[in-house]
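Structure file final27.cif (mmCIF, C-alpha atoms, pLDDT in the B column; chains and numbers go by the auth columns) is printed below.
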```cif
data_protein
#
loop_
_atom_site.group_PDB
_atom_site.id
_atom_site.type_symbol
_atom_site.label_atom_id
_atom_site.label_comp_id
_atom_site.label_asym_id
_atom_site.label_seq_id
_atom_site.Cartn_x
_atom_site.Cartn_y
_atom_site.Cartn_z
_atom_site.B_iso_or_equiv
_atom_site.auth_seq_id
_atom_site.auth_asym_id
ATOM 1 C CA MET A 1 -11.794 -11.250 15.222 58.00 1 V
ATOM 2 C CA SER A 2 -11.361 -8.548 17.850 67.00 2 V
ATOM 3 C CA GLU A 3 -11.318 -4.869 16.958 72.00 3 V
ATOM 4 C CA SER A 4 -7.556 -4.583 17.622 70.00 4 V
ATOM 5 C CA THR A 5 -6.816 -7.731 15.611 75.00 5 V
ATOM 6 C CA ASP A 6 -8.912 -6.380 12.751 89.00 6 V
ATOM 7 C CA LEU A 7 -6.986 -3.085 12.884 92.00 7 V
ATOM 8 C CA THR A 8 -3.674 -4.960 12.853 94.00 8 V
ATOM 9 C CA SER A 9 -4.823 -7.037 9.891 94.00 9 V
ATOM 10 C CA ARG A 10 -5.762 -3.911 7.918 96.00 10 V
ATOM 11 C CA GLN A 11 -2.493 -2.187 8.783 96.00 11 V
ATOM 12 C CA TYR A 12 -0.488 -5.329 8.002 97.00 12 V
ATOM 13 C CA HIS A 13 -2.064 -5.775 4.578 97.00 13 V
ATOM 14 C CA ALA A 14 -1.684 -2.077 3.732 97.00 14 V
ATOM 15 C CA ILE A 15 2.060 -2.381 4.347 98.00 15 V
ATOM 16 C CA ILE A 16 2.222 -5.624 2.373 98.00 16 V
ATOM 17 C CA ALA A 17 0.526 -3.815 -0.530 98.00 17 V
ATOM 18 C CA LYS A 18 3.300 -1.166 -0.487 98.00 18 V
ATOM 19 C CA CYS A 19 6.008 -3.831 -0.299 98.00 19 V
ATOM 20 C CA ARG A 20 4.403 -5.798 -3.135 98.00 20 V
ATOM 21 C CA ALA A 21 4.110 -2.692 -5.315 98.00 21 V
ATOM 22 C CA LEU A 22 7.831 -2.019 -4.840 98.00 22 V
ATOM 23 C CA PHE A 23 8.652 -5.677 -5.589 98.00 23 V
ATOM 24 C CA LEU A 24 6.532 -5.447 -8.748 98.00 24 V
ATOM 25 C CA ASP A 25 8.260 -2.256 -9.934 98.00 25 V
ATOM 26 C CA LYS A 26 11.731 -3.598 -9.181 97.00 26 V
ATOM 27 C CA THR A 27 10.908 -6.851 -10.966 97.00 27 V
ATOM 28 C CA ARG A 28 9.843 -4.815 -13.980 97.00 28 V
ATOM 29 C CA ASP A 29 13.132 -2.890 -13.814 97.00 29 V
ATOM 30 C CA TYR A 30 15.541 -5.735 -13.002 97.00 30 V
ATOM 31 C CA GLY A 31 13.694 -8.988 -13.576 97.00 31 V
ATOM 32 C CA THR A 32 14.467 -11.569 -10.918 98.00 32 V
ATOM 33 C CA ALA A 33 18.222 -10.920 -10.876 97.00 33 V
ATOM 34 C CA TRP A 34 18.068 -11.486 -7.077 97.00 34 V
ATOM 35 C CA ARG A 35 17.645 -15.187 -7.862 97.00 35 V
ATOM 36 C CA ILE A 36 21.413 -15.391 -8.456 97.00 36 V
ATOM 37 C CA LEU A 37 21.958 -14.802 -4.722 96.00 37 V
ATOM 38 C CA ARG A 38 22.497 -17.758 -2.439 95.00 38 V
ATOM 39 C CA LEU A 39 20.582 -17.732 0.863 95.00 39 V
ATOM 40 C CA PRO A 40 23.608 -16.543 2.891 96.00 40 V
ATOM 41 C CA SER A 41 23.914 -13.576 0.513 97.00 41 V
ATOM 42 C CA LEU A 42 20.259 -12.678 1.072 97.00 42 V
ATOM 43 C CA THR A 43 20.802 -13.042 4.817 97.00 43 V
ATOM 44 C CA ASP A 44 23.744 -10.645 4.612 97.00 44 V
ATOM 45 C CA GLN A 45 21.689 -8.176 2.573 98.00 45 V
ATOM 46 C CA ILE A 46 18.987 -8.192 5.261 98.00 46 V
ATOM 47 C CA TYR A 47 21.702 -7.815 7.919 98.00 47 V
ATOM 48 C CA ILE A 48 23.089 -4.717 6.171 98.00 48 V
ATOM 49 C CA LYS A 49 19.622 -3.121 6.173 98.00 49 V
ATOM 50 C CA ALA A 50 18.914 -3.986 9.824 98.00 50 V
ATOM 51 C CA ASN A 51 22.367 -2.852 10.939 97.00 51 V
ATOM 52 C CA ARG A 52 21.876 0.504 9.179 97.00 52 V
ATOM 53 C CA ILE A 53 18.552 0.958 10.993 97.00 53 V
ATOM 54 C CA ARG A 54 20.199 0.255 14.354 97.00 54 V
ATOM 55 C CA SER A 55 23.096 2.568 13.535 96.00 55 V
ATOM 56 C CA ILE A 56 20.699 5.424 12.720 95.00 56 V
ATOM 57 C CA GLN A 57 18.672 4.711 15.870 95.00 57 V
ATOM 58 C CA GLN A 58 21.808 4.852 18.019 95.00 58 V
ATOM 59 C CA LYS A 59 23.345 7.922 16.368 93.00 59 V
ATOM 60 C CA GLY A 60 20.063 9.809 16.148 88.00 60 V
ATOM 61 C CA LYS A 61 20.841 11.050 12.657 87.00 61 V
ATOM 62 C CA GLN A 62 21.549 9.813 9.183 87.00 62 V
ATOM 63 C CA LEU A 63 23.698 11.133 6.369 88.00 63 V
ATOM 64 C CA ILE A 64 22.089 9.229 3.490 87.00 64 V
ATOM 65 C CA GLU A 65 18.602 10.342 2.493 84.00 65 V
ATOM 66 C CA ASP A 66 16.992 6.855 2.439 87.00 66 V
ATOM 67 C CA GLY A 67 14.910 6.592 5.601 91.00 67 V
ATOM 68 C CA ILE A 68 14.393 3.814 8.105 95.00 68 V
ATOM 69 C CA ALA A 69 10.924 2.969 6.783 96.00 69 V
ATOM 70 C CA GLY A 70 12.379 2.183 3.361 97.00 70 V
ATOM 71 C CA GLU A 71 14.907 -0.130 4.979 98.00 71 V
ATOM 72 C CA PHE A 72 12.143 -2.042 6.789 98.00 72 V
ATOM 73 C CA VAL A 73 10.261 -2.377 3.486 98.00 73 V
ATOM 74 C CA ALA A 74 13.436 -3.740 1.901 98.00 74 V
ATOM 75 C CA ILE A 75 13.815 -6.237 4.747 98.00 75 V
ATOM 76 C CA VAL A 76 10.245 -7.460 4.177 98.00 76 V
ATOM 77 C CA ASN A 77 10.926 -8.000 0.486 98.00 77 V
ATOM 78 C CA TYR A 78 14.307 -9.653 1.030 98.00 78 V
ATOM 79 C CA CYS A 79 12.729 -12.063 3.549 98.00 79 V
ATOM 80 C CA ILE A 80 10.113 -12.994 0.970 98.00 80 V
ATOM 81 C CA MET A 81 12.810 -13.431 -1.673 98.00 81 V
ATOM 82 C CA ALA A 82 14.790 -15.662 0.705 98.00 82 V
ATOM 83 C CA ASN A 83 11.796 -17.898 1.364 97.00 83 V
ATOM 84 C CA ILE A 84 11.077 -18.056 -2.371 98.00 84 V
ATOM 85 C CA GLN A 85 14.706 -19.066 -2.973 96.00 85 V
ATOM 86 C CA ALA A 86 14.487 -21.759 -0.307 95.00 86 V
ATOM 87 C CA SER A 87 11.272 -23.139 -1.818 96.00 87 V
ATOM 88 C CA LEU A 88 12.554 -23.435 -5.394 96.00 88 V
ATOM 89 C CA PRO A 89 14.627 -26.307 -6.733 94.00 89 V
ATOM 90 C CA GLN A 90 18.206 -25.452 -7.691 89.00 90 V
ATOM 91 C CA SER A 91 17.279 -26.216 -11.296 93.00 91 V
ATOM 92 C CA ALA A 92 14.729 -23.367 -11.405 95.00 92 V
ATOM 93 C CA PRO A 93 15.716 -20.621 -13.840 96.00 93 V
ATOM 94 C CA ILE A 94 17.096 -17.329 -12.553 96.00 94 V
ATOM 95 C CA GLU A 95 14.611 -15.307 -14.581 97.00 95 V
ATOM 96 C CA LEU A 96 11.097 -16.176 -13.483 96.00 96 V
ATOM 97 C CA GLY A 97 9.066 -13.407 -15.090 93.00 97 V
ATOM 98 C CA LEU A 98 6.290 -11.537 -13.334 95.00 98 V
ATOM 99 C CA GLU A 99 3.714 -14.214 -14.113 96.00 99 V
ATOM 100 C CA LYS A 100 5.692 -16.707 -11.983 97.00 100 V
ATOM 101 C CA ALA A 101 7.358 -14.374 -9.474 97.00 101 V
ATOM 102 C CA LEU A 102 4.204 -12.650 -8.191 98.00 102 V
ATOM 103 C CA PRO A 103 2.313 -15.854 -7.302 98.00 103 V
ATOM 104 C CA LEU A 104 5.429 -17.068 -5.452 98.00 104 V
ATOM 105 C CA TYR A 105 5.612 -13.724 -3.625 98.00 105 V
ATOM 106 C CA ASP A 106 1.916 -13.889 -2.731 98.00 106 V
ATOM 107 C CA ALA A 107 2.216 -17.475 -1.486 98.00 107 V
ATOM 108 C CA GLN A 108 5.048 -16.527 0.882 98.00 108 V
ATOM 109 C CA VAL A 109 3.070 -13.514 2.104 98.00 109 V
ATOM 110 C CA LYS A 110 0.060 -15.726 2.861 98.00 110 V
ATOM 111 C CA ILE A 111 2.112 -18.203 4.881 97.00 111 V
ATOM 112 C CA THR A 112 3.762 -15.380 6.851 97.00 112 V
ATOM 113 C CA ALA A 113 0.541 -13.410 7.354 96.00 113 V
ATOM 114 C CA ASP A 114 -1.201 -16.536 8.666 95.00 114 V
ATOM 115 C CA LEU A 115 1.686 -17.086 11.082 93.00 115 V
ATOM 116 C CA GLN A 116 1.413 -13.461 12.239 93.00 116 V
ATOM 117 C CA LEU A 117 -2.320 -13.816 12.812 92.00 117 V
ATOM 118 C CA ASN A 118 -1.825 -16.927 14.957 92.00 118 V
ATOM 119 C CA LYS A 119 1.100 -15.523 16.941 92.00 119 V
ATOM 120 C CA ASN A 120 -0.649 -12.186 17.389 90.00 120 V
ATOM 121 C CA HIS A 121 -3.617 -14.020 18.861 88.00 121 V
ATOM 122 C CA ASP A 122 -1.481 -16.033 21.278 92.00 122 V
ATOM 123 C CA TYR A 123 0.763 -13.142 22.325 93.00 123 V
ATOM 124 C CA GLY A 124 -2.074 -10.619 22.633 91.00 124 V
ATOM 125 C CA GLU A 125 -0.475 -8.022 20.377 93.00 125 V
ATOM 126 C CA ALA A 126 2.456 -7.630 22.760 94.00 126 V
ATOM 127 C CA TRP A 127 4.469 -6.058 19.939 94.00 127 V
ATOM 128 C CA ARG A 128 2.361 -2.911 20.324 95.00 128 V
ATOM 129 C CA GLN A 129 4.067 -2.305 23.697 95.00 129 V
ATOM 130 C CA MET A 130 7.550 -2.931 22.302 95.00 130 V
ATOM 131 C CA ARG A 131 9.947 -0.269 21.112 96.00 131 V
ATOM 132 C CA VAL A 132 10.954 -0.136 17.440 97.00 132 V
ATOM 133 C CA SER A 133 14.576 -0.219 18.649 96.00 133 V
ATOM 134 C CA SER A 134 13.907 -3.456 20.570 97.00 134 V
ATOM 135 C CA MET A 135 12.301 -5.061 17.532 98.00 135 V
ATOM 136 C CA THR A 136 15.329 -3.965 15.490 98.00 136 V
ATOM 137 C CA ASP A 137 17.572 -5.757 17.997 98.00 137 V
ATOM 138 C CA ILE A 138 15.409 -8.886 17.772 97.00 138 V
ATOM 139 C CA ILE A 139 15.678 -8.774 13.970 98.00 139 V
ATOM 140 C CA LEU A 140 19.471 -8.599 14.262 98.00 140 V
ATOM 141 C CA MET A 141 19.486 -11.484 16.766 97.00 141 V
ATOM 142 C CA LYS A 142 17.396 -13.609 14.410 96.00 142 V
ATOM 143 C CA LEU A 143 19.800 -12.780 11.577 97.00 143 V
ATOM 144 C CA LEU A 144 22.723 -13.963 13.708 96.00 144 V
ATOM 145 C CA ARG A 145 20.769 -17.164 14.378 94.00 145 V
ATOM 146 C CA ILE A 146 20.219 -17.633 10.645 95.00 146 V
ATOM 147 C CA LYS A 147 23.930 -17.100 9.990 95.00 147 V
ATOM 148 C CA GLN A 148 24.762 -19.758 12.585 93.00 148 V
ATOM 149 C CA ILE A 149 22.280 -22.196 11.034 92.00 149 V
ATOM 150 C CA GLU A 150 23.746 -21.483 7.586 93.00 150 V
ATOM 151 C CA ASP A 151 27.261 -22.043 8.964 90.00 151 V
ATOM 152 C CA ASN A 152 26.011 -25.387 10.340 88.00 152 V
ATOM 153 C CA ALA A 153 24.812 -26.400 6.840 80.00 153 V
ATOM 154 C CA GLY A 154 21.181 -25.902 7.882 78.00 154 V
ATOM 155 C CA HIS A 155 21.284 -28.374 10.767 78.00 155 V
ATOM 156 C CA THR A 156 19.648 -27.545 14.082 76.00 156 V
ATOM 157 C CA LEU A 157 19.074 -29.673 17.156 79.00 157 V
ATOM 158 C CA VAL A 158 15.943 -28.062 18.611 79.00 158 V
ATOM 159 C CA SER A 159 15.554 -24.749 16.827 79.00 159 V
ATOM 160 C CA GLU A 160 13.345 -23.519 14.024 83.00 160 V
ATOM 161 C CA GLY A 161 14.890 -23.386 10.579 85.00 161 V
ATOM 162 C CA VAL A 162 15.868 -20.354 8.548 93.00 162 V
ATOM 163 C CA ASP A 163 12.426 -20.044 6.922 94.00 163 V
ATOM 164 C CA ALA A 164 10.731 -19.480 10.294 94.00 164 V
ATOM 165 C CA ASN A 165 13.344 -16.897 11.243 96.00 165 V
ATOM 166 C CA TYR A 166 12.862 -15.038 7.938 97.00 166 V
ATOM 167 C CA ARG A 167 9.101 -15.025 8.633 97.00 167 V
ATOM 168 C CA ASP A 168 9.613 -13.612 12.132 97.00 168 V
ATOM 169 C CA ILE A 169 11.969 -10.942 10.773 98.00 169 V
ATOM 170 C CA MET A 170 9.397 -9.998 8.150 98.00 170 V
ATOM 171 C CA ASN A 171 6.637 -9.728 10.740 97.00 171 V
ATOM 172 C CA TYR A 172 8.749 -7.656 13.141 97.00 172 V
ATOM 173 C CA SER A 173 9.632 -5.323 10.249 98.00 173 V
ATOM 174 C CA ILE A 174 5.944 -4.871 9.470 98.00 174 V
ATOM 175 C CA PHE A 175 5.199 -4.229 13.149 97.00 175 V
ATOM 176 C CA CYS A 176 7.923 -1.555 13.160 97.00 176 V
ATOM 177 C CA LEU A 177 6.363 0.064 10.092 98.00 177 V
ATOM 178 C CA ILE A 178 2.928 0.006 11.732 97.00 178 V
ATOM 179 C CA GLN A 179 4.284 1.631 14.904 96.00 179 V
ATOM 180 C CA MET A 180 6.232 4.229 12.950 96.00 180 V
ATOM 181 C CA GLY A 181 3.115 5.075 10.918 94.00 181 V
ATOM 182 C CA GLU A 182 1.025 5.425 14.067 92.00 182 V
ATOM 183 C CA SER A 183 3.660 7.693 15.614 87.00 183 V
ATOM 184 C CA GLY A 184 3.893 9.809 12.506 79.00 184 V
ATOM 185 C CA ILE A 185 7.514 8.728 12.042 70.00 185 V
ATOM 186 C CA ASP A 186 7.825 7.860 8.393 56.00 186 V
ATOM 187 C CA GLN A 187 11.523 8.395 7.844 50.00 187 V
#
```
Before we go any further, please render this structure as structure tokens.
Amino acid sequence: MSESTDLTSRQYHAIIAKCRALFLDKTRDYGTAWRILRLPSLTDQIYIKANRIRSIQQKGKQLIEDGIAGEFVAIVNYCIMANIQASLPQSAPIELGLEKALPLYDAQVKITADLQLNKNHDYGEAWRQMRVSSMTDIILMKLLRIKQIEDNAGHTLVSEGVDANYRDIMNYSIFCLIQMGESGIDQ
């Protein structure tokens, strides 16, 4: 593993640890109430977060205290929730409990982190030269793709499915958080 790849891996897992801690606390507070949401509802929730980020980026100011970094963390967790939802049978109970929810969370993180490692290798960490605003736009584009796939009852001709798009959105969100942390922008 190269020095830059090792740095990315450490940064990636540090952000995942923050996201997981928030997921853990919210699960303690609310249980797995999010399980009631259908995948299109989770997609729309992610869209709301990404659209708010873009709106703040374009306006250059925000009126609600919650910062952009918190929205990217929320996107990471909602993407994981969406992939958990997609992996569970419809007969699975809404309330999973921490003892079941956390291993499901960790399994989705592993799949997505492995994907990031492979793509990062092939693309040569190109994301480090991208703007956070560009990655935000890509996240929104991928959300529009997911919405189209959902509107087509999950059928695609040549494209990746919704799970791959959620994974890409999650990874771009983490890359944005890494860049913001390196720039000292932790809104």
* Can you tell me, as a list in words, what residues are no more than 8 Å from region 93-105 of chain V when counting all atoms listed in the file, ignoring any on the same chain fewer than 4 positions away? ->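 Selected residues are Leu24, Thr27, Arg28, Gly31, Thr32, Ala33, Arg35, Ile36, Ile80, Met81, Ile84 and Val109 of chain V.
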* Asked: Looking at all atoms listed in the file, which of V:Ala126, V:Leu39, V:Ile75, V:Leu63 is the one that sits closest to Ile149 (chain V)?
  -> V:Leu39
* Counting only C-alpha atoms, select every polymer residue within 10 Å of (13.1, 0.7, 10.6) as defined in the file's coordinates, and provide the selection as a VMD selection string. => chain V and resid 49 to 54 56 to 57 67 to 75 132 to 133 135 to 136 172 to 177 179 to 180 185 to 187
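Minimum atom-to-atom distances from V:Ala17, V:Ile64, V:Gln90, V:Val76 to Leu37 (chain V) were compared using all atoms listed in the file, and the lowest value belongs to V:Gln90.
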* **Which of V:Met141, V:Ile48, V:Leu115, V:Ala21 sits closest to Asn171 (chain V) [using only C-alpha atoms]** =>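 Distance minimum relative to Asn171 (chain V) lands on V:Leu115.
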* Using CA of Thr112 (chain V) and CA of Ala164 (chain V) as the two end points, give the distance in Å to one decimal. =>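 These atoms are spaced 8.8 Å apart.
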* **Pairwise distance for CA of Arg128 (chain V) and CA of Lys147 (chain V), rounded to one decimal in Å** =>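 Rounded to one decimal, the two atoms are 27.8 Å apart.
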* Using all atoms listed in the file: which of V:Leu7, V:Ile46, V:Ala86, V:Val162 has the shortest distance to Gln148 (chain V) -> V:Val162
* Asked: Hey, can you check how far CA of Arg10 (chain V) sits from CA of Asp163 (chain V)?
  ->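 These two atoms are separated by 24.3 Å.
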* Residues at most 7 Å from Pro40 (chain V), counting only C-alpha atoms, excluding those fewer than 3 positions away in the same chain, as a PyMOL selection string? -> chain V and resi 43-44+150
* Selection result of the PyMOL selection byres ((chain V and resi 9) around 12) on this file, as a ChimeraX atom specification -> /V:1-8,10-16,113-114,116-118,120-121,125,171,174-175,178
* Find the spatial neighbours of Asn165 (chain V), counting only C-alpha atoms, within a cut-off of 10 Å - ignore same-chain residues fewer than 6 positions away - and output them as a list in words. =>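 After dropping sequence-adjacent residues, the list is Cys79, Ile139, Met141, Lys142, Leu143, Arg145, Ile146, Ser159 and Asn171 of chain V.
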Can region 5-36 of chain V be brought up to N, CA and C atoms and written out as an mmCIF file, in the coordinates of the input?
```
data_model
loop_
_atom_site.group_PDB
_atom_site.id
_atom_site.type_symbol
_atom_site.label_atom_id
_atom_site.label_comp_id
_atom_site.auth_asym_id
_atom_site.auth_seq_id
_atom_site.Cartn_x
_atom_site.Cartn_y
_atom_site.Cartn_z
ATOM 1 N N THR V 5 -7.344 -6.780 16.586
ATOM 2 C CA THR V 5 -6.816 -7.731 15.611
ATOM 3 C C THR V 5 -7.228 -7.329 14.207
ATOM 4 N N ASP V 6 -8.446 -6.846 14.053
ATOM 5 C CA ASP V 6 -8.912 -6.380 12.751
ATOM 6 C C ASP V 6 -8.100 -5.170 12.293
ATOM 7 N N LEU V 7 -7.817 -4.243 13.211
ATOM 8 C CA LEU V 7 -6.986 -3.085 12.884
ATOM 9 C C LEU V 7 -5.598 -3.539 12.441
ATOM 10 N N THR V 8 -4.999 -4.447 13.205
ATOM 11 C CA THR V 8 -3.674 -4.960 12.853
ATOM 12 C C THR V 8 -3.698 -5.601 11.477
ATOM 13 N N SER V 9 -4.720 -6.378 11.199
ATOM 14 C CA SER V 9 -4.823 -7.037 9.891
ATOM 15 C C SER V 9 -4.888 -6.010 8.762
ATOM 16 N N ARG V 10 -5.672 -4.959 8.946
ATOM 17 C CA ARG V 10 -5.762 -3.911 7.918
ATOM 18 C C ARG V 10 -4.421 -3.200 7.745
ATOM 19 N N GLN V 11 -3.788 -2.861 8.854
ATOM 20 C CA GLN V 11 -2.493 -2.187 8.783
ATOM 21 C C GLN V 11 -1.439 -3.092 8.135
ATOM 22 N N TYR V 12 -1.436 -4.340 8.526
ATOM 23 C CA TYR V 12 -0.488 -5.329 8.002
ATOM 24 C C TYR V 12 -0.624 -5.429 6.486
ATOM 25 N N HIS V 13 -1.841 -5.590 6.020
ATOM 26 C CA HIS V 13 -2.064 -5.775 4.578
ATOM 27 C C HIS V 13 -1.820 -4.490 3.782
ATOM 28 N N ALA V 14 -2.014 -3.336 4.407
ATOM 29 C CA ALA V 14 -1.684 -2.077 3.732
ATOM 30 C C ALA V 14 -0.170 -1.978 3.511
ATOM 31 N N ILE V 15 0.600 -2.399 4.495
ATOM 32 C CA ILE V 15 2.060 -2.381 4.347
ATOM 33 C C ILE V 15 2.494 -3.418 3.319
ATOM 34 N N ILE V 16 1.894 -4.592 3.367
ATOM 35 C CA ILE V 16 2.222 -5.624 2.373
ATOM 36 C C ILE V 16 1.934 -5.096 0.967
ATOM 37 N N ALA V 17 0.857 -4.364 0.794
ATOM 38 C CA ALA V 17 0.526 -3.815 -0.530
ATOM 39 C C ALA V 17 1.633 -2.877 -1.014
ATOM 40 N N LYS V 18 2.190 -2.055 -0.116
ATOM 41 C CA LYS V 18 3.300 -1.166 -0.487
ATOM 42 C C LYS V 18 4.542 -1.969 -0.843
ATOM 43 N N CYS V 19 4.837 -2.987 -0.044
ATOM 44 C CA CYS V 19 6.008 -3.831 -0.299
ATOM 45 C C CYS V 19 5.855 -4.561 -1.632
ATOM 46 N N ARG V 20 4.666 -5.064 -1.889
ATOM 47 C CA ARG V 20 4.403 -5.798 -3.135
ATOM 48 C C ARG V 20 4.521 -4.875 -4.342
ATOM 49 N N ALA V 21 4.018 -3.648 -4.212
ATOM 50 C CA ALA V 21 4.110 -2.692 -5.315
ATOM 51 C C ALA V 21 5.573 -2.394 -5.639
ATOM 52 N N LEU V 22 6.405 -2.247 -4.609
ATOM 53 C CA LEU V 22 7.831 -2.019 -4.840
ATOM 54 C C LEU V 22 8.473 -3.243 -5.492
ATOM 55 N N PHE V 23 8.138 -4.434 -4.998
ATOM 56 C CA PHE V 23 8.652 -5.677 -5.589
ATOM 57 C C PHE V 23 8.263 -5.755 -7.065
ATOM 58 N N LEU V 24 7.026 -5.430 -7.371
ATOM 59 C CA LEU V 24 6.532 -5.447 -8.748
ATOM 60 C C LEU V 24 7.333 -4.480 -9.620
ATOM 61 N N ASP V 25 7.508 -3.252 -9.163
ATOM 62 C CA ASP V 25 8.260 -2.256 -9.934
ATOM 63 C C ASP V 25 9.717 -2.674 -10.125
ATOM 64 N N LYS V 26 10.329 -3.175 -9.057
ATOM 65 C CA LYS V 26 11.731 -3.598 -9.181
ATOM 66 C C LYS V 26 11.863 -4.811 -10.090
ATOM 67 N N THR V 27 10.871 -5.691 -10.065
ATOM 68 C CA THR V 27 10.908 -6.851 -10.966
ATOM 69 C C THR V 27 10.756 -6.399 -12.405
ATOM 70 N N ARG V 28 9.952 -5.383 -12.624
ATOM 71 C CA ARG V 28 9.843 -4.815 -13.980
ATOM 72 C C ARG V 28 11.164 -4.195 -14.420
ATOM 73 N N ASP V 29 11.856 -3.526 -13.501
ATOM 74 C CA ASP V 29 13.132 -2.890 -13.814
ATOM 75 C C ASP V 29 14.270 -3.891 -13.998
ATOM 76 N N TYR V 30 14.367 -4.863 -13.068
ATOM 77 C CA TYR V 30 15.541 -5.735 -13.002
ATOM 78 C C TYR V 30 15.272 -7.202 -13.291
ATOM 79 N N GLY V 31 14.002 -7.568 -13.486
ATOM 80 C CA GLY V 31 13.694 -8.988 -13.576
ATOM 81 C C GLY V 31 13.909 -9.621 -12.209
ATOM 82 N N THR V 32 14.217 -10.880 -12.189
ATOM 83 C CA THR V 32 14.467 -11.569 -10.918
ATOM 84 C C THR V 32 15.967 -11.840 -10.762
ATOM 85 N N ALA V 33 16.765 -10.808 -11.016
ATOM 86 C CA ALA V 33 18.222 -10.920 -10.876
ATOM 87 C C ALA V 33 18.617 -11.373 -9.471
ATOM 88 N N TRP V 34 17.798 -11.071 -8.454
ATOM 89 C CA TRP V 34 18.068 -11.486 -7.077
ATOM 90 C C TRP V 34 18.148 -12.997 -6.938
ATOM 91 N N ARG V 35 17.621 -13.715 -7.919
ATOM 92 C CA ARG V 35 17.645 -15.187 -7.862
ATOM 93 C C ARG V 35 19.064 -15.747 -7.935
ATOM 94 N N ILE V 36 20.023 -14.946 -8.390
ATOM 95 C CA ILE V 36 21.413 -15.391 -8.456
ATOM 96 C C ILE V 36 22.033 -15.507 -7.058
#
```
